[in-house]
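Pasted below: target_10.pdb, PDB, C-alpha atoms and all ligand atoms.
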```
ATOM      1  CA  MET A  39       3.945  11.364 -11.329
ATOM      2  CA  ARG A  40       2.660  14.452  -9.595
ATOM      3  CA  ILE A  41       1.241  14.423  -6.045
ATOM      4  CA  SER A  42       0.087  17.370  -3.915
ATOM      5  CA  VAL A  43      -0.664  16.971  -0.223
ATOM      6  CA  ILE A  44      -2.831  19.250   1.912
ATOM      7  CA  THR A  45      -2.370  19.051   5.696
ATOM      8  CA  ILE A  46      -2.126  21.185   8.822
ATOM      9  CA  PHE A  47       1.146  19.327   9.637
ATOM     10  CA  PRO A  48       3.361  19.768   6.550
ATOM     11  CA  GLU A  49       6.503  19.270   8.653
ATOM     12  CA  LEU A  50       5.576  15.598   9.152
ATOM     13  CA  PHE A  51       6.409  15.017   5.468
ATOM     14  CA  ARG A  52       9.839  16.621   5.211
ATOM     15  CA  GLU A  53      12.075  13.774   6.421
ATOM     16  CA  PHE A  54       9.881  11.182   4.743
ATOM     17  CA  LEU A  55      10.127  12.879   1.358
ATOM     18  CA  SER A  56      13.896  13.408   1.523
ATOM     19  CA  THR A  57      14.736   9.839   2.526
ATOM     20  CA  SER A  58      16.098   7.071   0.304
ATOM     21  CA  LEU A  59      14.018   5.878  -2.609
ATOM     22  CA  ILE A  60      11.486   8.720  -2.558
ATOM     23  CA  GLY A  61      14.178  11.358  -2.132
ATOM     24  CA  ARG A  62      15.982  10.001  -5.171
ATOM     25  CA  ALA A  63      12.770   9.782  -7.220
ATOM     26  CA  ILE A  64      12.009  13.415  -6.451
ATOM     27  CA  GLU A  65      15.567  14.447  -7.274
ATOM     28  CA  SER A  66      15.371  12.620 -10.615
ATOM     29  CA  GLU A  67      12.102  14.480 -11.320
ATOM     30  CA  ALA A  68      10.286  11.193 -11.982
ATOM     31  CA  LEU A  69       8.163  12.043  -8.949
ATOM     32  CA  GLU A  70       7.017  15.495  -7.901
ATOM     33  CA  VAL A  71       5.500  15.857  -4.438
ATOM     34  CA  SER A  72       4.441  19.185  -2.981
ATOM     35  CA  VAL A  73       3.074  19.675   0.522
ATOM     36  CA  HIS A  74       0.713  22.534   1.315
ATOM     37  CA  ASN A  75      -0.372  23.979   4.632
ATOM     38  CA  LEU A  76      -4.151  24.157   4.881
ATOM     39  CA  ARG A  77      -3.788  27.345   6.962
ATOM     40  CA  ASP A  78      -2.407  29.133   3.909
ATOM     41  CA  PHE A  79      -5.888  28.816   2.407
ATOM     42  CA  THR A  80      -7.789  30.367   5.322
ATOM     43  CA  GLU A  81      -9.340  33.818   5.025
ATOM     44  CA  ASP A  82      -9.515  34.936   8.671
ATOM     45  CA  LYS A  83      -6.678  36.506  10.598
ATOM     46  CA  HIS A  84      -6.451  33.593  13.082
ATOM     47  CA  GLN A  85      -6.117  31.094  10.237
ATOM     48  CA  SER A  86      -8.830  28.866  11.748
ATOM     49  CA  VAL A  87      -9.330  25.448  10.235
ATOM     50  CA  ASP A  88     -11.822  23.924  12.682
ATOM     51  CA  ASP A  89     -15.034  24.768  14.529
ATOM     52  CA  GLU A  90     -17.703  23.141  16.713
ATOM     53  CA  PRO A  91     -20.063  20.662  15.055
ATOM     54  CA  TYR A  92     -23.547  21.793  14.068
ATOM     55  CA  GLY A  93     -25.946  19.651  16.074
ATOM     56  CA  GLY A  94     -23.586  19.527  19.011
ATOM     57  CA  GLY A  95     -21.498  16.676  20.352
ATOM     58  CA  GLY A  96     -17.846  16.516  21.272
ATOM     59  CA  GLY A  97     -14.780  17.373  19.262
ATOM     60  CA  MET A  98     -14.112  19.736  16.415
ATOM     61  CA  VAL A  99     -14.863  19.550  12.705
ATOM     62  CA  MET A 100     -12.596  20.876   9.974
ATOM     63  CA  MET A 101     -14.220  23.744   8.074
ATOM     64  CA  ALA A 102     -14.982  23.297   4.385
ATOM     65  CA  PRO A 103     -13.846  26.590   2.803
ATOM     66  CA  PRO A 104     -10.057  26.219   3.334
ATOM     67  CA  TRP A 105     -10.130  22.684   1.835
ATOM     68  CA  ILE A 106     -12.244  23.689  -1.138
ATOM     69  CA  GLY A 107     -10.068  26.749  -1.742
ATOM     70  CA  ALA A 108      -6.865  24.705  -1.490
ATOM     71  CA  VAL A 109      -8.026  21.988  -3.895
ATOM     72  CA  ARG A 110      -9.246  24.553  -6.446
ATOM     73  CA  ALA A 111      -5.970  26.461  -6.185
ATOM     74  CA  LEU A 112      -3.897  23.305  -6.717
ATOM     75  CA  ARG A 113      -5.952  22.008  -9.641
ATOM     76  CA  THR A 114      -4.423  23.141 -12.893
ATOM     77  CA  ASP A 115      -5.295  22.256 -16.458
ATOM     78  CA  VAL A 116      -3.979  18.669 -16.195
ATOM     79  CA  PRO A 117      -6.432  15.921 -15.188
ATOM     80  CA  SER A 118      -6.475  15.629 -11.398
ATOM     81  CA  ARG A 119      -7.958  13.279  -8.822
ATOM     82  CA  CYS A 120      -8.739  14.487  -5.300
ATOM     83  CA  VAL A 121      -8.312  11.712  -2.720
ATOM     84  CA  LEU A 122      -9.501  12.101   0.864
ATOM     85  CA  MET A 123      -7.533   9.908   3.283
ATOM     86  CA  SER A 124     -10.338   8.685   5.512
ATOM     87  CA  PRO A 125     -11.271   5.773   7.795
ATOM     88  CA  GLN A 126     -14.519   5.623   5.794
ATOM     89  CA  GLY A 127     -12.638   5.020   2.536
ATOM     90  CA  ARG A 128     -12.113   1.877   0.506
ATOM     91  CA  ARG A 129      -9.179  -0.118   1.812
ATOM     92  CA  LEU A 130      -5.969   0.460  -0.131
ATOM     93  CA  THR A 131      -4.796  -2.565  -2.152
ATOM     94  CA  ASP A 132      -1.930  -3.273  -4.509
ATOM     95  CA  ALA A 133      -4.454  -3.298  -7.378
ATOM     96  CA  ARG A 134      -5.642   0.224  -6.521
ATOM     97  CA  VAL A 135      -2.048   1.472  -6.206
ATOM     98  CA  GLN A 136      -1.325   0.191  -9.718
ATOM     99  CA  GLU A 137      -4.475   1.761 -11.117
ATOM    100  CA  LEU A 138      -3.755   5.132  -9.529
ATOM    101  CA  ALA A 139      -0.175   5.068 -10.810
ATOM    102  CA  ALA A 140      -1.287   4.108 -14.320
ATOM    103  CA  GLY A 141      -4.016   6.759 -14.348
ATOM    104  CA  ASN A 142      -1.417   9.478 -14.806
ATOM    105  CA  GLU A 143      -3.496  12.054 -12.973
ATOM    106  CA  HIS A 144      -2.275  14.816 -10.693
ATOM    107  CA  LEU A 145      -3.178  13.362  -7.280
ATOM    108  CA  ILE A 146      -4.305  15.757  -4.564
ATOM    109  CA  LEU A 147      -4.264  14.041  -1.166
ATOM    110  CA  LEU A 148      -6.288  15.527   1.689
ATOM    111  CA  CYS A 149      -5.137  14.684   5.224
ATOM    112  CA  GLY A 150      -7.765  15.423   7.860
ATOM    113  CA  ARG A 151      -7.425  15.750  11.626
ATOM    114  CA  TYR A 152      -9.963  16.146  14.460
ATOM    115  CA  GLU A 153     -13.293  14.304  14.296
ATOM    116  CA  GLY A 154     -13.640  14.798  10.589
ATOM    117  CA  ILE A 155     -14.127  17.224   7.735
ATOM    118  CA  ASP A 156     -17.300  19.121   6.843
ATOM    119  CA  GLU A 157     -19.259  16.847   4.485
ATOM    120  CA  ARG A 158     -19.453  19.568   1.838
ATOM    121  CA  VAL A 159     -15.757  19.067   1.027
ATOM    122  CA  GLN A 160     -16.641  15.605  -0.238
ATOM    123  CA  LEU A 161     -19.721  16.838  -2.025
ATOM    124  CA  THR A 162     -17.754  19.464  -3.933
ATOM    125  CA  VAL A 163     -14.140  18.434  -4.572
ATOM    126  CA  VAL A 164     -13.397  14.864  -3.394
ATOM    127  CA  ASP A 165     -13.319  12.131  -6.058
ATOM    128  CA  GLU A 166     -12.422   9.184  -3.858
ATOM    129  CA  GLU A 167     -11.887   8.203  -0.194
ATOM    130  CA  ILE A 168      -9.072   5.816   0.755
ATOM    131  CA  SER A 169      -8.378   4.072   4.079
ATOM    132  CA  VAL A 170      -5.209   2.119   4.885
ATOM    133  CA  GLY A 171      -6.895  -0.355   7.224
ATOM    134  CA  ASP A 172      -9.454  -0.956   9.920
ATOM    135  CA  PHE A 173      -7.727   0.737  12.847
ATOM    136  CA  VAL A 174      -7.977   4.250  14.215
ATOM    137  CA  LEU A 175      -5.194   6.762  13.576
ATOM    138  CA  SER A 176      -5.126  10.443  14.524
ATOM    139  CA  GLY A 177      -5.142  11.829  11.008
ATOM    140  CA  GLY A 178      -4.556  11.188   7.333
ATOM    141  CA  GLU A 179      -0.861  12.090   7.213
ATOM    142  CA  LEU A 180       0.581   8.611   7.808
ATOM    143  CA  PRO A 181      -1.958   7.051   5.414
ATOM    144  CA  ALA A 182      -0.937   9.628   2.764
ATOM    145  CA  MET A 183       2.711   8.658   3.241
ATOM    146  CA  VAL A 184       1.742   4.997   2.892
ATOM    147  CA  LEU A 185       0.028   5.788  -0.406
ATOM    148  CA  ILE A 186       2.904   7.963  -1.667
ATOM    149  CA  GLU A 187       5.478   5.285  -0.851
ATOM    150  CA  ALA A 188       3.449   2.564  -2.563
ATOM    151  CA  LEU A 189       2.870   4.797  -5.621
ATOM    152  CA  SER A 190       6.532   5.801  -5.829
ATOM    153  CA  ARG A 191       7.478   2.144  -6.345
ATOM    154  CA  GLU A 192       5.441   2.211  -9.559
ATOM    155  CA  VAL A 193       7.371   5.177 -10.975
ATOM    156  CA  PRO A 194       9.827   3.937 -13.631
ATOM    157  CA  GLY A 195      13.360   4.051 -12.302
ATOM    158  CA  VAL A 196      12.485   4.425  -8.621
ATOM    159  CA  VAL A 197      13.005   0.842  -7.534
ATOM    160  CA  GLY A 198      16.546  -0.201  -8.547
ATOM    161  CA  GLN A 199      15.778  -3.296 -10.607
ATOM    162  CA  PRO A 200      12.434  -3.521 -12.454
ATOM    163  CA  GLU A 201      12.278  -7.258 -11.580
ATOM    164  CA  CYS A 202      11.893  -6.217  -7.940
ATOM    165  CA  VAL A 203       8.558  -4.587  -8.683
ATOM    166  CA  GLU A 204       7.358  -7.571 -10.724
ATOM    167  CA  GLN A 205       8.532 -10.009  -8.057
ATOM    168  CA  ASP A 206       6.758  -8.166  -5.254
ATOM    169  CA  SER A 207       4.879 -10.861  -3.418
ATOM    170  CA  PHE A 208       1.466  -9.261  -3.781
ATOM    171  CA  ARG A 209       2.027  -8.837  -7.505
ATOM    172  CA  GLN A 210       2.443 -12.628  -7.686
ATOM    173  CA  GLY A 211      -0.261 -13.214  -5.117
ATOM    174  CA  LEU A 212       2.244 -14.937  -2.818
ATOM    175  CA  LEU A 213       4.304 -14.135   0.249
ATOM    176  CA  ASP A 214       8.070 -13.854  -0.039
ATOM    177  CA  PHE A 215      10.505 -16.751   0.463
ATOM    178  CA  PRO A 216      12.912 -16.577   3.463
ATOM    179  CA  HIS A 217      16.108 -14.553   3.035
ATOM    180  CA  TYR A 218      19.585 -15.271   4.425
ATOM    181  CA  THR A 219      22.866 -13.365   4.445
ATOM    182  CA  ARG A 220      26.220 -13.641   6.270
ATOM    183  CA  PRO A 221      27.243 -14.990   8.698
ATOM    184  CA  GLN A 222      26.593 -18.602   7.669
ATOM    185  CA  VAL A 223      25.756 -19.662  11.240
ATOM    186  CA  VAL A 224      23.572 -17.571  13.608
ATOM    187  CA  GLU A 225      22.742 -18.919  17.086
ATOM    188  CA  GLY A 226      23.614 -22.381  15.810
ATOM    189  CA  LEU A 227      21.274 -22.026  12.822
ATOM    190  CA  GLN A 228      22.851 -22.866   9.446
ATOM    191  CA  VAL A 229      21.899 -21.263   6.165
ATOM    192  CA  PRO A 230      19.884 -23.847   4.151
ATOM    193  CA  SER A 231      22.549 -25.757   2.213
ATOM    194  CA  VAL A 232      20.795 -25.327  -1.160
ATOM    195  CA  LEU A 233      21.467 -21.560  -0.992
ATOM    196  CA  VAL A 234      25.240 -22.126  -0.895
ATOM    197  CA  SER A 235      25.173 -24.990  -3.423
ATOM    198  CA  GLY A 236      25.566 -22.801  -6.498
ATOM    199  CA  ASP A 237      22.798 -24.843  -8.161
ATOM    200  CA  HIS A 238      20.600 -22.041  -9.516
ATOM    201  CA  ALA A 239      17.761 -24.288 -10.647
ATOM    202  CA  ALA A 240      17.621 -25.915  -7.203
ATOM    203  CA  ILE A 241      17.684 -22.492  -5.511
ATOM    204  CA  ARG A 242      14.830 -21.272  -7.687
ATOM    205  CA  ALA A 243      12.752 -24.348  -6.901
ATOM    206  CA  TRP A 244      13.486 -24.076  -3.160
ATOM    207  CA  ARG A 245      12.456 -20.426  -3.089
ATOM    208  CA  GLY A 246       9.317 -21.121  -5.076
ATOM    209  CA  ARG A 247       8.346 -23.924  -2.729
ATOM    210  CA  GLN A 248       9.117 -21.805   0.358
ATOM    211  CA  ALA A 249       6.955 -18.973  -0.969
ATOM    212  CA  ILE A 250       4.033 -21.368  -1.371
ATOM    213  CA  ARG A 251       4.657 -22.862   2.072
ATOM    214  CA  ALA A 252       4.744 -19.423   3.738
ATOM    215  CA  THR A 253       1.547 -18.388   1.974
ATOM    216  CA  VAL A 254      -0.307 -21.589   2.898
ATOM    217  CA  GLY A 255       0.715 -21.150   6.528
ATOM    218  CA  LYS A 256       0.347 -17.419   7.011
ATOM    219  CA  ARG A 257      -2.015 -16.052   4.346
ATOM    220  CA  PRO A 258      -4.101 -18.849   2.811
ATOM    221  CA  ASP A 259      -6.557 -16.151   1.698
ATOM    222  CA  LEU A 260      -3.918 -14.898  -0.770
ATOM    223  CA  LEU A 261      -3.246 -18.350  -2.174
ATOM    224  CA  VAL A 262      -6.856 -18.969  -3.036
ATOM    225  CA  GLN A 263      -6.758 -15.909  -5.290
ATOM    226  CA  ALA A 264      -3.302 -16.469  -6.786
ATOM    227  CA  ALA A 265      -2.991 -17.608 -10.391
ATOM    228  CA  LEU A 266      -0.602 -20.524  -9.807
ATOM    229  CA  SER A 267       1.509 -22.122 -12.535
ATOM    230  CA  GLU A 268       1.590 -25.897 -13.105
ATOM    231  CA  GLU A 269       4.915 -25.991 -11.268
ATOM    232  CA  GLN A 270       3.499 -24.055  -8.308
ATOM    233  CA  LEU A 271       0.463 -26.345  -8.123
ATOM    234  CA  GLU A 272       2.882 -29.290  -7.988
ATOM    235  CA  TRP A 273       4.774 -27.654  -5.095
ATOM    236  CA  LEU A 274       1.489 -27.060  -3.347
ATOM    237  CA  ALA A 275       0.627 -30.742  -3.718
ATOM    238  CA  GLU A 276       4.081 -31.664  -2.337
ATOM    239  CA  ILE A 277       3.578 -29.469   0.703
ATOM    240  CA  GLU A 278       0.243 -31.167   1.261
ATOM    241  CA  ARG A 279       1.908 -34.621   1.096
ATOM    242  CA  GLU A 280       4.546 -33.560   3.650
ATOM    243  CA  GLY A 281       1.822 -33.541   6.275
ATOM    244  CA  SER A 282       2.921 -30.552   8.307
ATOM    245  CA  GLU A 283       0.943 -28.183  10.457
ATOM    246  CA  TYR A 284      -0.229 -26.739   7.155
ATOM    247  CA  GLN A 285      -1.778 -30.008   6.074
ATOM    248  CA  THR A 286      -5.404 -29.136   6.510
ATOM    249  CA  ALA A 287      -5.153 -25.737   4.854
ATOM    250  CA  ALA A 288      -3.020 -27.105   2.015
ATOM    251  CA  LYS A 289      -5.348 -30.023   1.353
ATOM    252  CA  ASP A 290      -8.267 -27.671   1.090
ATOM    253  CA  LEU A 291      -6.346 -25.462  -1.344
ATOM    254  CA  VAL A 292      -5.181 -28.367  -3.501
ATOM    255  CA  THR A 293      -8.800 -29.424  -3.830
ATOM    256  CA  ARG A 294      -9.665 -25.939  -5.010
ATOM    257  CA  ALA A 295      -6.688 -25.887  -7.379
ATOM    258  CA  GLU A 296      -7.733 -29.200  -8.920
ATOM    259  CA  ASP A 297     -11.209 -27.822  -9.432
ATOM    260  CA  LYS A 298      -9.429 -25.150 -11.513
ATOM    261  CA  ASP A 299     -11.446 -22.509  -9.719
ATOM    262  CA  ASN A 300      -8.510 -21.028  -7.847
ATOM    263  CA  THR A 301      -7.594 -18.493 -10.509
ATOM    264  CA  LYS A 302     -11.077 -17.098 -10.828
ATOM    265  CA  SER A 303     -13.017 -16.003  -7.800
ATOM    266  CA  PRO A 304     -11.903 -15.596  -4.215
ATOM    267  CA  ARG A 305     -13.456 -17.750  -1.535
ATOM    268  CA  GLU A 306     -17.021 -16.640  -0.726
TER     269      GLU A 306
HETATM  270  C1  LIG B   1     -12.734   9.476  17.364
HETATM  271  C2  LIG B   1     -13.137   9.674  15.953
HETATM  272  N1  LIG B   1     -13.410   8.480  15.212
HETATM  273  C3  LIG B   1     -14.451   7.628  15.669
HETATM  274  C4  LIG B   1     -13.880   6.256  15.842
HETATM  275  C5  LIG B   1     -13.567   8.810  13.824
HETATM  276  C6  LIG B   1     -12.249   9.128  13.273
HETATM  277  C7  LIG B   1     -12.006  10.371  12.717
HETATM  278  C8  LIG B   1     -10.751  10.653  12.210
HETATM  279  C9  LIG B   1     -11.242   8.180  13.284
HETATM  280  C10 LIG B   1      -9.984   8.481  12.774
HETATM  281  C11 LIG B   1      -9.754   9.722  12.250
HETATM  282  C12 LIG B   1      -8.410  10.036  11.699
HETATM  283  N2  LIG B   1      -7.979   9.026  10.731
HETATM  284  C13 LIG B   1      -7.766   9.306   9.463
HETATM  285  O1  LIG B   1      -7.882  10.451   9.071
HETATM  286  C14 LIG B   1      -7.455   8.233   8.532
HETATM  287  C15 LIG B   1      -7.340   6.812   8.730
HETATM  288  C16 LIG B   1      -7.475   5.983   9.895
HETATM  289  O2  LIG B   1      -7.712   6.418  11.019
HETATM  290  N3  LIG B   1      -7.326   4.635   9.723
HETATM  291  C17 LIG B   1      -7.041   4.074   8.522
HETATM  292  N4  LIG B   1      -6.919   4.804   7.421
HETATM  293  C18 LIG B   1      -7.066   6.154   7.537
HETATM  294  S1  LIG B   1      -6.950   7.228   6.257
HETATM  295  C19 LIG B   1      -7.254   8.545   7.207
END
```
The structure in this file should be written as structure tokens.
Amino acid sequence: MRISVITIFPELFREFLSTSLIGRAIESEALEVSVHNLRDFTEDKHQSVDDEPYGGGGGMVMMAPPWIGAVRALRTDVPSRCVLMSPQGRRLTDARVQELAAGNEHLILLCGRYEGIDERVQLTVVDEEISVGDFVLSGGELPAMVLIEALSREVPGVVGQPECVEQDSFRQGLLDFPHYTRPQVVEGLQVPSVLVSGDHAAIRAWRGRQAIRATVGKRPDLLVQAALSEEQLEWLAEIEREGSEYQTAAKDLVTRAEDKDNTKSPRE
């Protein structure tokens, strides 16, 4: 997978790209990430990248020519996709990460700063705008790192065991089950006895049930969209019968599951 980043703060990426999983992926040449300074694509002697907005108003706008020049210089003969990290973009999802990874295109990520980028960058070179969520950041660098990290997990060999990727909660449409490690007692709290029982079938069932319980309680929106197995629907029904704080949400979801509509369309 090949990714190029354009930013006025290339130094923000150095530590990120050399750390852990991504560092190893880059070393193994499964992932190739290059970071480019937008100022290297300026024509004037002051290397200006921003100017006052036409029409007035506060703040500065990033000028189009350095961006257009940078993208054209980085595009080679392989298929490429130019992605503008932008609060106006479509929200990043696991589904989009998988599609981008599978697309096998050279990804060129543009990280803006200031109030925004001259609209003509989008009109000429941008293929797609991506946001990481509905909150205001100061630029596209952290969102680009979010995208790179998510994409790197799709590169074969990056995540240690392939099952890890498949078992990612969002891949299953469920939240994770609770994890425990040594010591056996923390602040008087014991590890659930099933986890030290050695009964692998019981452990699997406990984890499956806990994943459903966590999802019902914390992210019922995910559960409505999950394609649940017969076994998982049974666990869901059990949780409903337990009559916990989750009762109302679970009852509602069981009703949907029994209608067999839960694997098709999300609520609303
Ligand atoms: C004060 C300017 N803003 C009005 C609310 C517009 C604005 C411009 C530029 C807001 C943020 C930014 C910088 N953010 C990004 O470039 C960005 C971003 C984000 O802020 N949130 C979520 N995803 C992304 S992707 C790029």
Notebook entry, point to check: With only C-alpha atoms and all ligand atoms as the basis for distance, which of A:Ser267, A:Ser124, A:Gln228, A:Thr162 is at the shortest distance from ligand LIG 1 (chain B)?
Noted result: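 Using only C-alpha atoms and all ligand atoms, the shortest distance to ligand LIG 1 (chain B) belongs to A:Ser124.
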Next item on the list: On this file, the PyMOL selection byres (((not hetatm)) within 8 of (chain B and resi 1)) gives some set of residues; write that set as a list in words.
Entry: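 Selected by the PyMOL selection byres (((not hetatm)) within 8 of (chain B and resi 1)) here: Leu122, Met123, Ser124, Pro125, Gln126, Gly127, Arg129, Cys149, Gly150, Arg151, Tyr152, Glu153, Gly154, Ile168, Ser169, Val170, Gly171, Asp172, Phe173, Val174, Leu175, Ser176, Gly177, Gly178, Glu179, Leu180, Pro181 and Ala182 of chain A.
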Selection file, C-alpha atoms, as a PDB file, in the frame of the given file:
```pdb
ATOM      1  CA  LEU A 122      -9.501  12.101   0.864  1.00  0.00           C
ATOM      2  CA  MET A 123      -7.533   9.908   3.283  1.00  0.00           C
ATOM      3  CA  SER A 124     -10.338   8.685   5.512  1.00  0.00           C
ATOM      4  CA  PRO A 125     -11.271   5.773   7.795  1.00  0.00           C
ATOM      5  CA  GLN A 126     -14.519   5.623   5.794  1.00  0.00           C
ATOM      6  CA  GLY A 127     -12.638   5.020   2.536  1.00  0.00           C
ATOM      7  CA  ARG A 129      -9.179  -0.118   1.812  1.00  0.00           C
ATOM      8  CA  CYS A 149      -5.137  14.684   5.224  1.00  0.00           C
ATOM      9  CA  GLY A 150      -7.765  15.423   7.860  1.00  0.00           C
ATOM     10  CA  ARG A 151      -7.425  15.750  11.626  1.00  0.00           C
ATOM     11  CA  TYR A 152      -9.963  16.146  14.460  1.00  0.00           C
ATOM     12  CA  GLU A 153     -13.293  14.304  14.296  1.00  0.00           C
ATOM     13  CA  GLY A 154     -13.640  14.798  10.589  1.00  0.00           C
ATOM     14  CA  ILE A 168      -9.072   5.816   0.755  1.00  0.00           C
ATOM     15  CA  SER A 169      -8.378   4.072   4.079  1.00  0.00           C
ATOM     16  CA  VAL A 170      -5.209   2.119   4.885  1.00  0.00           C
ATOM     17  CA  GLY A 171      -6.895  -0.355   7.224  1.00  0.00           C
ATOM     18  CA  ASP A 172      -9.454  -0.956   9.920  1.00  0.00           C
ATOM     19  CA  PHE A 173      -7.727   0.737  12.847  1.00  0.00           C
ATOM     20  CA  VAL A 174      -7.977   4.250  14.215  1.00  0.00           C
ATOM     21  CA  LEU A 175      -5.194   6.762  13.576  1.00  0.00           C
ATOM     22  CA  SER A 176      -5.126  10.443  14.524  1.00  0.00           C
ATOM     23  CA  GLY A 177      -5.142  11.829  11.008  1.00  0.00           C
ATOM     24  CA  GLY A 178      -4.556  11.188   7.333  1.00  0.00           C
ATOM     25  CA  GLU A 179      -0.861  12.090   7.213  1.00  0.00           C
ATOM     26  CA  LEU A 180       0.581   8.611   7.808  1.00  0.00           C
ATOM     27  CA  PRO A 181      -1.958   7.051   5.414  1.00  0.00           C
ATOM     28  CA  ALA A 182      -0.937   9.628   2.764  1.00  0.00           C
TER      29      ALA A 182
END
```
Margin query: Every residue with an atom at most 9 Å from (14.3, 4.8, -9.2) (file coordinates; all atoms listed in the file) is what I'm after, so could you write them as a list in words?
Written below: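 The residues near that point, listed by chain and number, are Leu59, Ile60, Arg62, Ala63, Ser66, Ala68, Ser190, Arg191, Val193, Pro194, Gly195, Val196, Val197, Gly198 and Gln199 of chain A.
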Margin query: Rounded to one decimal, what separation in Å do you get between atom CA of A:Ala102 and atom CA of A:Arg77?
Written below: 12.2 Å
Next item on the list: Figure out the distance between atom CA of A:Val184 and atom CA of A:Glu53, please, to one decimal in Å.
Entry: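 Taking atom CA of A:Glu53 and atom CA of A:Val184, their separation equals 14.0 Å.
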Notebook entry, point to check: So which one's closest to A:Ser118, A:Glu276, A:Asp290, A:Glu143, A:Glu137? Using all atoms listed in the file, please.
Noted result: A:Glu143
Next item on the list: For atom CA of A:Val224 and atom CA of A:Trp273, determine how far apart the two atoms are, in Å to one decimal place.
Entry: 28.4 Å
What are the closest atom pairs, with distances in Å to one decimal, for all residues of stretch 126-210 of chain A lying within 10 Å of stretch 103-113 of chain A? Consider only C-alpha atoms, order rows by chain and residue number, and present the result as a tab-separated table.
```
residue	atom	partner	partner_atom	distance
A:His144	CA	A:Arg113	CA	8.1
A:Leu145	CA	A:Arg113	CA	9.4
A:Ile146	CA	A:Val109	CA	7.3
A:Leu147	CA	A:Val109	CA	9.2
A:Leu148	CA	A:Trp105	CA	8.1
A:Gly150	CA	A:Trp105	CA	9.7
A:Ile155	CA	A:Trp105	CA	9.0
A:Asp156	CA	A:Pro103	CA	9.2
A:Arg158	CA	A:Ile106	CA	8.8
A:Val159	CA	A:Ile106	CA	6.2
A:Gln160	CA	A:Ile106	CA	9.2
A:Thr162	CA	A:Ile106	CA	7.5
A:Val163	CA	A:Ile106	CA	6.6
A:Val164	CA	A:Val109	CA	8.9
```
Check: Residues at most 6 Å from A:Ser42, counting only C-alpha atoms, excluding those fewer than 2 positions away in the same chain, as a VMD selection string?
Finding: chain A and resid 71 to 73 146
Expected file contents, prior selection, C-alpha atoms, as a PDB file, in the frame of the given file:
```pdb
ATOM      1  CA  VAL A  71       5.500  15.857  -4.438  1.00  0.00           C
ATOM      2  CA  SER A  72       4.441  19.185  -2.981  1.00  0.00           C
ATOM      3  CA  VAL A  73       3.074  19.675   0.522  1.00  0.00           C
ATOM      4  CA  ILE A 146      -4.305  15.757  -4.564  1.00  0.00           C
TER       5      ILE A 146
END
```
